[in-house]
Amino acid sequence: MAPVTGAGEQMYALVERLYPLCRSITGDGVRATLRIVDEYLPLQVHEVPTGTRVLDWTVPQEWNIRDAYIADPAGNRVVDFAESSLHVLGYSVPVSATMPLSELRAHLHTLPDHPSWVPYRTSYYKRDWGFCLAQETLDALPDGEYEVRIDSTLADGHLTYAEHVVPGQVPDEVLVSCHVCHPSLANDNLAGIAVATFLAQALAEQTPYYTYRFLFAPGTIGAITWLARNKERVRGGRVKHGLVLACAGDPGSLTYKQSRRGDAEIDRVLRYVLAASGRPHRITKFTPYGYDERQFCSPGFDLGVGSLTRTPYAGYPEYHTSADSLDFVSPEAMADTLAVCREAFAVLDRDRRCLNLSPYGEPQLGRRGLYDALGGRSDTQQAQMAMLWVLNLSDGEHSLLDIAERSGLPFDTVAVAADALRGAGLIKE
Amino acid sequence: MAPVTGAGEQMYALVERLYPLCRSITGDGVRATLRIVDEYLPLQVHEVPTGTRVLDWTVPQEWNIRDAYIADPAGNRVVDFAESSLHVLGYSVPVSATMPLSELRAHLHTLPDHPSWVPYRTSYYKRDWGFCLAQETLDALPDGEYEVRIDSTLADGHLTYAEHVVPGQVPDEVLVSCHVCHPSLANDNLAGIAVATFLAQALAEQTPYYTYRFLFAPGTIGAITWLARNKERVRGGRVKHGLVLACAGDPGSLTYKQSRRGDAEIDRVLRYVLAASGRPHRITKFTPYGYDERQFCSPGFDLGVGSLTRTPYAGYPEYHTSADSLDFVSPEAMADTLAVCREAFAVLDRDRRCLNLSPYGEPQLGRRGLYDALGGRSDTQQAQMAMLWVLNLSDGEHSLLDIAERSGLPFDTVAVAADALRGAGLIKE
Amino acid sequence: MAPVTGAGEQMYALVERLYPLCRSITGDGVRATLRIVDEYLPLQVHEVPTGTRVLDWTVPQEWNIRDAYIADPAGNRVVDFAESSLHVLGYSVPVSATMPLSELRAHLHTLPDHPSWVPYRTSYYKRDWGFCLAQETLDALPDGEYEVRIDSTLADGHLTYAEHVVPGQVPDEVLVSCHVCHPSLANDNLAGIAVATFLAQALAEQTPYYTYRFLFAPGTIGAITWLARNKERVRGGRVKHGLVLACAGDPGSLTYKQSRRGDAEIDRVLRYVLAASGRPHRITKFTPYGYDERQFCSPGFDLGVGSLTRTPYAGYPEYHTSADSLDFVSPEAMADTLAVCREAFAVLDRDRRCLNLSPYGEPQLGRRGLYDALGGRSDTQQAQMAMLWVLNLSDGEHSLLDIAERSGLPFDTVAVAADALRGAGLIKE
């Protein structure tokens, strides 16, 4: 595997550039985000009009915001969108009003347990407006009349998402998906976007077996839109495996959430690679909550799509707050997440079921130069054992990963043995 | 669930009334028992003539007994049927004789390890006569000539059993069975009869989904007779689930003995309910011994019928002795057994496989008023999680109990979520 | 089971007779070995010509050796084949030369970690010559010119193997195989040969159910030759079960290596018998290395063949060295291995799936004299419980071993119960 020299720092730099943008499920923040990613990875950007029916949903109006603030009785901006995109309730309708604090309070969201943090809140499908602020900011506000202004637009437009395809030797696809709808939250999900970007770059270094499709889309409605537009392709079985990337940069250890099936090949690969790597990690069962695995694993699709995070969804106090800042993620953590993704796809991409073409007794490896000639010794080498295992289990039922797991030999040793046997005409895929 | 106020005391009172009667596999003791139960629960009583072929068996002659005693050389009744129905070997043929103690001994049954207890013994299928008495009574008998008299009748007649049906919304049946053939033994099985009686009352309070058939029949031959007379109905699949109730009032914790299948729905329900209830309990595997689950689970029928007891068959020293008296059972224990039965049938009765009618991606719950509008929070409520789980797993393969077990959510929460989704037209049964 | 009085000593005596012979995969050593075994067990000997195609292999030239030695500069034979057949590299081509020690070293094999032991080495499929000697012998050799002579023949001839068949009631076969190609190594595999020989004798004492075929053949090429010549019979399913016997006499505890399938009946029988016997033992998974189970379990055949050893392949330091001598094996160990084989085949030979001919409810055992007449007691005997279990599970799906395992009753008790029920016409095979 090629070294990822400096990839951690490069991913962190990308996160820093994306951090200030105000993303939502639609709007110019998403477009600006995708334009930056496009500098690293050519993207095919899709614009889907408001009102388009997508599965059970409808593409909503597009939301854009230019400014928003609360000014106190003295005219000071005490809450200001210019300071952080989190300060405005996502999808707030425009407002321009003066009202007493008592009336304003119904529109203010805080985190009393973390008084210095600003929460992240949205109201996509119910017309509302609001501000998010620190509890300590709220506590310091004097009574009086406040000026409230949100200069936003909620109007017919488009939902924006992007794809990047790494072509493979076969049209069967591996889907790698990350959500791009969260505003200034570093771990959730700028780190996921960064890892996906650099993973795509790494995969393109040599033609992989599978075709890898990277999807950068707003959460839920974006995945649903993509599924609606690709429904027949997906139902037809084109997507063989998939991975949702999120929360890829926090200091916690890695967590793989299995697909709904629980024994999909992607599940087995991630379990194998994480265990073999010796990294501390967690394997969790599927739940119909979290990120877009919810949609990919809905019962009509039931794809073999798992989700890789470090600390998972809602598993850390900084989740969906201003504390999920640039300080919360690190180049090292993102590099580690990227490395595991590469290791996993290196296994997935080589995992095959082979067929022993000489299945009656062992074929004579010695006359093919595949076996040590001197008999009687007990220190048979791993490479020879791997060949015997591949021959013995290549009955069309067992994949190379099955063989690695059953034999206890490293996957790579097994895959190399399979290559040698294929070269000798003893097995075929 | 409706409170069962006073049910324990009412069941105990029923046990007290039934206790003195001399029941056997046929005869007037069974009829008297069923007449009393009929005061609580209207019974359909069946009389099957002696000689009727029932599966591999034949309905035996009917046994009735009026009096029986052993009088010592001084003329004192030292063993007297009037004191306890246990004193006579069940199905004893008539005898009227005088004989020395040495000859009489061959007909006397005692429990040397429990010298003050009287054992319960029968000889249904081999013509014999005998008495059961305390070892200490026997030890005190002087040598001499004893008068022995059993005023019984063994003659062509009928085998008696009864049914009570609680009609449900569907004709598919749940069978609840208890044996009514044991004489003055409180736990085995007057407690079972009492719990079955009050369970039927409780189920009738509202129309259940299943039709519940309660069977009050003598052990073995009664179940075999019922199966013979219902063979085609049973083989045709009408009985979906069943539970044999016995030993329902002793101080031990609950024991569920699984059906022969081991993974029948009744097995899963009882395991789930007992575990969820937090009660100490035991789950045991099927064995072809015990109560009438032996017959219901014979390989030709192989019904999903388990058995619920407190301390199981032969698991307590008082088993089949005079120590299984009114003191051995309690209102509290019977009320607890009844409560678990009600909890189990509340689950069984609502357990369904549903089908998600909008299986591609998640349906938009928000616009149907089923989902909290404010996004970004991590404290998603259990009710919403239950809806997502029901939608995700309602593929026709998973029942609501499957969903409860897999999600870790309470069955009731899952069932309520399914009701809401059904109401919204998102799933169907 | 008949006592095996003195069988341990008799097996040891056989091992002593076979020990000095120089066996290889072909040649007169094998023939001499089979002639001695034939004194105990009539053998059908097969001779397969050099050059015969056998599966993916070709029968090699036949190797015979008359003398071999290394003489030091003083003319003393410092390594001498006459002392031990291990001293010559198996399949050494003839050599007659004088060379300095420095040149000779490339042809000398030692075990530096065990300086007094002589290793066992071969070069069947690459033309080579060599000597095996103790490291301490080598260390003591002075420099100088050495005379090297191997008086061997490598020429067209035959591969020799033998069979013995114990006829059974059915033509379905159990294959018992042991390799006969190793020279003076007592545990590997003279002990295996001896146990196989006496096992065949014991099985012939009464007509078994299965036909037992004993195979005495050189490792790998012998099994492959047998499989090639019996390919259609084997593929047609004639061989139902099998056991490879090796390393049957060392002081270690027994090890059963499961077949490739892992749940073949032979696997279940050996697991059951070893556990039930209370002997310390190990059950290991299949690996495609070891003895001829490699060939029998190749994916094209995938037979239910396991391997029974004491300490397994390469699991002891004496393995493939001169320390695997007559001192390393004992009559007791061989008798113990033989006893387990007999116990296992006693189970295998009686294991059947039966069908309850009266599957609706329990048949009335009492009127058939199969059931104790006195009811009410809790001390039901094991024999009666076994009958109930056999009746309950004889649905065509469960074998008697299944029933023994599920009931926890001894297999023998279950088999006797099945015999009684068969005698009463209640079950059939």
# chains A, B, ... in the order shown; residues from 1 in each chain; ligands from 1
$ interface_residues --of "chain C" --to "chain B" --cutoff "12 Å" --atoms "only C-alpha atoms" --output "VMD selection string"
chain C and resid 355 to 369 371 to 382 384 to 398 403 406 to 409 426
$ write_last_selection --atoms "C-alpha atoms" --output "tab-separated table (two decimals), in the first residue's frame"
chain	number	residue	atom	x	y	z
C	355	LEU	CA	-39.29	-43.48	11.86
C	356	ASN	CA	-41.97	-43.58	14.53
C	357	LEU	CA	-44.82	-45.60	13.04
C	358	SER	CA	-47.24	-44.33	15.69
C	359	PRO	CA	-46.34	-40.64	15.69
C	360	TYR	CA	-49.64	-39.15	16.88
C	361	GLY	CA	-49.42	-38.96	20.65
C	362	GLU	CA	-47.37	-41.47	22.57
C	363	PRO	CA	-48.09	-45.10	21.76
C	364	GLN	CA	-49.29	-47.05	24.76
C	365	LEU	CA	-46.08	-48.72	25.87
C	366	GLY	CA	-47.70	-50.38	28.85
C	367	ARG	CA	-49.84	-52.84	26.92
C	368	ARG	CA	-46.75	-53.87	24.99
C	369	GLY	CA	-44.88	-54.64	28.20
C	371	TYR	CA	-43.56	-49.54	30.49
C	372	ASP	CA	-43.72	-49.86	34.23
C	373	ALA	CA	-47.35	-50.23	35.24
C	374	LEU	CA	-47.35	-48.36	38.55
C	375	GLY	CA	-48.03	-44.68	37.99
C	376	GLY	CA	-47.28	-41.68	40.10
C	377	ARG	CA	-43.64	-42.32	40.87
C	378	SER	CA	-40.98	-39.85	39.83
C	379	ASP	CA	-38.11	-42.31	39.48
C	380	THR	CA	-38.82	-43.24	35.90
C	381	GLN	CA	-36.03	-45.35	34.66
C	382	GLN	CA	-33.51	-44.43	32.05
C	384	GLN	CA	-38.17	-45.87	29.69
C	385	MET	CA	-36.95	-42.32	29.16
C	386	ALA	CA	-34.85	-43.58	26.25
C	387	MET	CA	-37.93	-45.13	24.66
C	388	LEU	CA	-39.85	-41.87	24.99
C	389	TRP	CA	-36.97	-39.93	23.48
C	390	VAL	CA	-36.58	-42.33	20.56
C	391	LEU	CA	-40.31	-42.20	19.87
C	392	ASN	CA	-40.42	-38.43	20.13
C	393	LEU	CA	-37.47	-37.75	17.84
C	394	SER	CA	-37.81	-40.58	15.35
C	395	ASP	CA	-39.25	-38.36	12.65
C	396	GLY	CA	-36.74	-39.28	9.99
C	397	GLU	CA	-34.64	-36.23	10.83
C	398	HIS	CA	-32.88	-37.33	14.00
C	403	ILE	CA	-31.18	-38.47	20.32
C	406	ARG	CA	-30.21	-34.20	22.92
C	407	SER	CA	-31.44	-36.42	25.74
C	408	GLY	CA	-28.14	-36.69	27.54
C	409	LEU	CA	-28.67	-40.45	27.72
C	426	LEU	CA	-43.31	-49.07	16.86
$ residues_around --residues "C:Leu138" --least-positions-apart "4" --cutoff "12 Å" --atoms "only C-alpha atoms" --output "list in words"
Ile70, Asp72, Val78, Val79, Leu101, Ser102, Leu104, Arg105, His107, Leu108, His109, Thr110, Leu111, Pro112, Pro115, Ser116, Trp117, Val118, Phe131, Cys132, Leu133, Ala134, Pro142 and Asp143 of chain C
$ residues_around --residues "stretch 262-275 of chain C" --least-positions-apart "5" --cutoff "9 Å" --atoms "only C-alpha atoms" --output "list in words"
Lys240, His241, Gly242, Leu243, Leu254, Tyr256, Lys257, Pro280, His281, Arg282, Ile283, Lys285, Phe286, Leu303, Gly304, Val305, Gly306, Leu308, Val340, Cys341, Glu343, Ala344, Phe345, Val347, Leu348, Leu401 and Glu405 of chain C
$ write_last_selection --atoms "C-alpha atoms" --output "PDB file, in the first residue's frame"
ATOM      1  CA  LYS C 240     -19.889 -43.018   3.775  1.00  0.00           C
ATOM      2  CA  HIS C 241     -17.354 -42.401   6.500  1.00  0.00           C
ATOM      3  CA  GLY C 242     -13.646 -42.700   7.045  1.00  0.00           C
ATOM      4  CA  LEU C 243     -10.811 -42.411   9.484  1.00  0.00           C
ATOM      5  CA  LEU C 254      -5.860 -38.527  21.754  1.00  0.00           C
ATOM      6  CA  TYR C 256      -9.337 -36.085  16.588  1.00  0.00           C
ATOM      7  CA  LYS C 257      -8.965 -33.863  13.552  1.00  0.00           C
ATOM      8  CA  PRO C 280      -8.485 -36.133  28.026  1.00  0.00           C
ATOM      9  CA  HIS C 281      -8.468 -35.352  24.326  1.00  0.00           C
ATOM     10  CA  ARG C 282      -8.440 -32.630  21.732  1.00  0.00           C
ATOM     11  CA  ILE C 283     -10.761 -31.960  18.827  1.00  0.00           C
ATOM     12  CA  LYS C 285     -10.447 -28.370  12.927  1.00  0.00           C
ATOM     13  CA  PHE C 286      -9.619 -29.605   9.494  1.00  0.00           C
ATOM     14  CA  LEU C 303     -15.495 -37.249   2.116  1.00  0.00           C
ATOM     15  CA  GLY C 304     -16.504 -37.467   5.733  1.00  0.00           C
ATOM     16  CA  VAL C 305     -13.036 -38.603   6.721  1.00  0.00           C
ATOM     17  CA  GLY C 306     -11.338 -37.451   9.906  1.00  0.00           C
ATOM     18  CA  LEU C 308      -7.316 -39.920  14.773  1.00  0.00           C
ATOM     19  CA  VAL C 340     -11.468 -45.604  21.173  1.00  0.00           C
ATOM     20  CA  CYS C 341     -11.650 -46.752  17.569  1.00  0.00           C
ATOM     21  CA  GLU C 343     -16.025 -47.491  20.750  1.00  0.00           C
ATOM     22  CA  ALA C 344     -16.435 -45.022  17.920  1.00  0.00           C
ATOM     23  CA  PHE C 345     -17.254 -47.663  15.328  1.00  0.00           C
ATOM     24  CA  VAL C 347     -21.593 -46.032  17.769  1.00  0.00           C
ATOM     25  CA  LEU C 348     -21.192 -45.302  14.072  1.00  0.00           C
ATOM     26  CA  LEU C 401     -26.769 -40.172  18.069  1.00  0.00           C
ATOM     27  CA  GLU C 405     -26.913 -35.993  22.487  1.00  0.00           C
TER      28      GLU C 405
END
$ select_by_dssp --residues "stretch 152-299 of chain A" --states "alpha helix (DSSP H)" --output "short mmCIF file (atom, residue, chain, number, x, y, z; two decimals) with N, CA, C and O atoms, in the first residue's frame"
data_model
loop_
_atom_site.label_atom_id
_atom_site.label_comp_id
_atom_site.auth_asym_id
_atom_site.auth_seq_id
_atom_site.Cartn_x
_atom_site.Cartn_y
_atom_site.Cartn_z
N GLY A 192 -15.35 13.58 7.44
CA GLY A 192 -15.82 12.51 6.54
C GLY A 192 -15.63 12.90 5.09
O GLY A 192 -15.21 12.07 4.26
N ILE A 193 -15.93 14.15 4.76
CA ILE A 193 -15.75 14.63 3.39
C ILE A 193 -14.27 14.55 3.00
O ILE A 193 -13.92 14.09 1.90
N ALA A 194 -13.41 14.94 3.93
CA ALA A 194 -11.98 14.95 3.63
C ALA A 194 -11.46 13.53 3.42
O ALA A 194 -10.69 13.25 2.49
N VAL A 195 -11.86 12.60 4.29
CA VAL A 195 -11.38 11.22 4.13
C VAL A 195 -11.90 10.62 2.82
O VAL A 195 -11.16 9.96 2.09
N ALA A 196 -13.18 10.88 2.50
CA ALA A 196 -13.72 10.37 1.24
C ALA A 196 -12.92 10.91 0.06
O ALA A 196 -12.60 10.17 -0.88
N THR A 197 -12.59 12.17 0.11
CA THR A 197 -11.86 12.80 -0.99
C THR A 197 -10.51 12.15 -1.21
O THR A 197 -10.13 11.79 -2.33
N PHE A 198 -9.77 11.99 -0.12
CA PHE A 198 -8.42 11.42 -0.26
C PHE A 198 -8.47 9.91 -0.50
O PHE A 198 -7.55 9.35 -1.10
N LEU A 199 -9.52 9.27 -0.07
CA LEU A 199 -9.68 7.85 -0.37
C LEU A 199 -9.89 7.65 -1.87
O LEU A 199 -9.31 6.75 -2.50
N ALA A 200 -10.70 8.53 -2.46
CA ALA A 200 -10.93 8.44 -3.91
C ALA A 200 -9.63 8.66 -4.66
O ALA A 200 -9.32 7.94 -5.63
N GLN A 201 -8.85 9.61 -4.21
CA GLN A 201 -7.54 9.86 -4.86
C GLN A 201 -6.66 8.61 -4.79
O GLN A 201 -6.05 8.20 -5.77
N ALA A 202 -6.64 7.99 -3.60
CA ALA A 202 -5.77 6.83 -3.41
C ALA A 202 -6.24 5.66 -4.28
O ALA A 202 -5.42 4.94 -4.88
N LEU A 203 -7.53 5.45 -4.35
CA LEU A 203 -8.04 4.32 -5.13
C LEU A 203 -7.73 4.48 -6.61
O LEU A 203 -7.56 3.49 -7.34
N ILE A 221 -32.34 13.71 2.70
CA ILE A 221 -32.98 14.09 1.44
C ILE A 221 -32.02 13.91 0.26
O ILE A 221 -32.45 13.56 -0.85
N GLY A 222 -30.72 14.09 0.51
CA GLY A 222 -29.74 13.88 -0.55
C GLY A 222 -29.63 12.41 -0.93
O GLY A 222 -29.64 12.04 -2.11
N ALA A 223 -29.52 11.56 0.07
CA ALA A 223 -29.43 10.12 -0.19
C ALA A 223 -30.72 9.63 -0.86
O ALA A 223 -30.69 8.82 -1.79
N ILE A 224 -31.85 10.16 -0.37
CA ILE A 224 -33.14 9.75 -0.95
C ILE A 224 -33.24 10.21 -2.40
O ILE A 224 -33.72 9.48 -3.27
N THR A 225 -32.76 11.42 -2.66
CA THR A 225 -32.78 11.92 -4.04
C THR A 225 -31.90 11.05 -4.93
O THR A 225 -32.29 10.65 -6.04
N TRP A 226 -30.71 10.74 -4.45
CA TRP A 226 -29.81 9.88 -5.25
C TRP A 226 -30.45 8.51 -5.48
O TRP A 226 -30.42 7.98 -6.60
N LEU A 227 -31.04 7.94 -4.42
CA LEU A 227 -31.67 6.62 -4.57
C LEU A 227 -32.84 6.69 -5.55
O LEU A 227 -33.04 5.78 -6.37
N ALA A 228 -33.61 7.78 -5.49
CA ALA A 228 -34.74 7.91 -6.41
C ALA A 228 -34.26 7.96 -7.85
O ALA A 228 -34.83 7.33 -8.74
N ARG A 229 -33.19 8.70 -8.08
CA ARG A 229 -32.67 8.86 -9.44
C ARG A 229 -31.89 7.64 -9.92
O ARG A 229 -31.55 7.54 -11.09
N LYS A 231 -32.82 4.41 -8.76
CA LYS A 231 -33.56 3.31 -8.16
C LYS A 231 -33.43 2.01 -8.95
O LYS A 231 -33.15 0.94 -8.39
N GLU A 232 -33.60 2.08 -10.25
CA GLU A 232 -33.58 0.84 -11.02
C GLU A 232 -32.18 0.24 -11.07
O GLU A 232 -32.00 -0.97 -10.98
N ARG A 233 -31.17 1.11 -11.19
CA ARG A 233 -29.79 0.63 -11.16
C ARG A 233 -29.48 -0.06 -9.83
O ARG A 233 -28.87 -1.12 -9.78
N VAL A 234 -29.93 0.57 -8.75
CA VAL A 234 -29.65 0.00 -7.42
C VAL A 234 -30.42 -1.29 -7.24
O VAL A 234 -29.87 -2.31 -6.81
N ARG A 235 -31.71 -1.28 -7.57
CA ARG A 235 -32.52 -2.49 -7.42
C ARG A 235 -32.00 -3.61 -8.33
O ARG A 235 -32.14 -4.79 -8.02
N GLU A 265 -20.74 -8.72 2.77
CA GLU A 265 -19.29 -8.84 2.61
C GLU A 265 -18.58 -7.63 3.20
O GLU A 265 -17.52 -7.76 3.81
N ILE A 266 -19.16 -6.45 3.04
CA ILE A 266 -18.52 -5.25 3.62
C ILE A 266 -18.43 -5.39 5.14
O ILE A 266 -17.44 -4.98 5.76
N ASP A 267 -19.44 -6.00 5.75
CA ASP A 267 -19.39 -6.22 7.20
C ASP A 267 -18.24 -7.15 7.56
O ASP A 267 -17.49 -6.89 8.50
N ARG A 268 -18.13 -8.22 6.82
CA ARG A 268 -17.08 -9.19 7.13
C ARG A 268 -15.71 -8.59 6.89
O ARG A 268 -14.77 -8.82 7.65
N VAL A 269 -15.59 -7.79 5.82
CA VAL A 269 -14.29 -7.18 5.53
C VAL A 269 -13.90 -6.20 6.63
O VAL A 269 -12.76 -6.23 7.13
N LEU A 270 -14.82 -5.35 7.03
CA LEU A 270 -14.46 -4.37 8.07
C LEU A 270 -14.15 -5.06 9.39
O LEU A 270 -13.22 -4.68 10.10
N ARG A 271 -14.94 -6.05 9.75
CA ARG A 271 -14.64 -6.78 10.98
C ARG A 271 -13.26 -7.41 10.91
O ARG A 271 -12.47 -7.34 11.85
N TYR A 272 -12.97 -8.02 9.76
CA TYR A 272 -11.68 -8.68 9.60
C TYR A 272 -10.53 -7.68 9.68
O TYR A 272 -9.56 -7.88 10.40
N VAL A 273 -10.65 -6.60 8.93
CA VAL A 273 -9.55 -5.65 8.84
C VAL A 273 -9.33 -4.95 10.18
O VAL A 273 -8.19 -4.78 10.62
N LEU A 274 -10.40 -4.59 10.83
CA LEU A 274 -10.23 -3.92 12.13
C LEU A 274 -9.61 -4.88 13.15
O LEU A 274 -8.73 -4.49 13.92
N ALA A 275 -10.06 -6.12 13.15
CA ALA A 275 -9.47 -7.08 14.09
C ALA A 275 -8.01 -7.35 13.74
O ALA A 275 -7.15 -7.36 14.62
N ALA A 276 -7.75 -7.56 12.44
CA ALA A 276 -6.39 -7.90 12.03
C ALA A 276 -5.44 -6.75 12.27
O ALA A 276 -4.24 -6.95 12.48
N SER A 277 -5.96 -5.53 12.24
CA SER A 277 -5.09 -4.36 12.38
C SER A 277 -4.61 -4.18 13.81
O SER A 277 -3.67 -3.43 14.06
N GLU A 293 -26.87 5.35 5.91
CA GLU A 293 -27.09 3.91 5.90
C GLU A 293 -28.57 3.62 6.17
O GLU A 293 -29.08 2.57 5.74
N ARG A 294 -29.26 4.52 6.86
CA ARG A 294 -30.70 4.37 7.07
C ARG A 294 -31.43 4.20 5.75
O ARG A 294 -32.39 3.44 5.65
N GLN A 295 -31.03 5.00 4.77
CA GLN A 295 -31.72 4.97 3.49
C GLN A 295 -31.24 3.79 2.63
O GLN A 295 -32.03 3.07 2.04
N PHE A 296 -29.91 3.62 2.59
CA PHE A 296 -29.35 2.55 1.75
C PHE A 296 -29.79 1.17 2.27
O PHE A 296 -29.89 0.22 1.52
#
$ residues_around --residues "B:Gly252" --least-positions-apart "4" --cutoff "9 Å" --atoms "only C-alpha atoms" --output "JSON, numbers by chain"
{"B": [310, 311, 312, 333]}
$ select_by_dssp --residues "stretch 279-366 of chain A" --states "strand (DSSP E or B)" --output "PyMOL selection string"
chain A and resi 281-284+305-309+321+353-356
$ residues_around --residues "C:Ala68" --least-positions-apart "2" --cutoff "7 Å" --atoms "only C-alpha atoms" --output "count of residues only"
5
$ closest_residue --among "B:Ala186, B:Asp67, B:Leu159, B:Ser24" --to "B:Ser325" --atoms "only C-alpha atoms"
B:Ala186
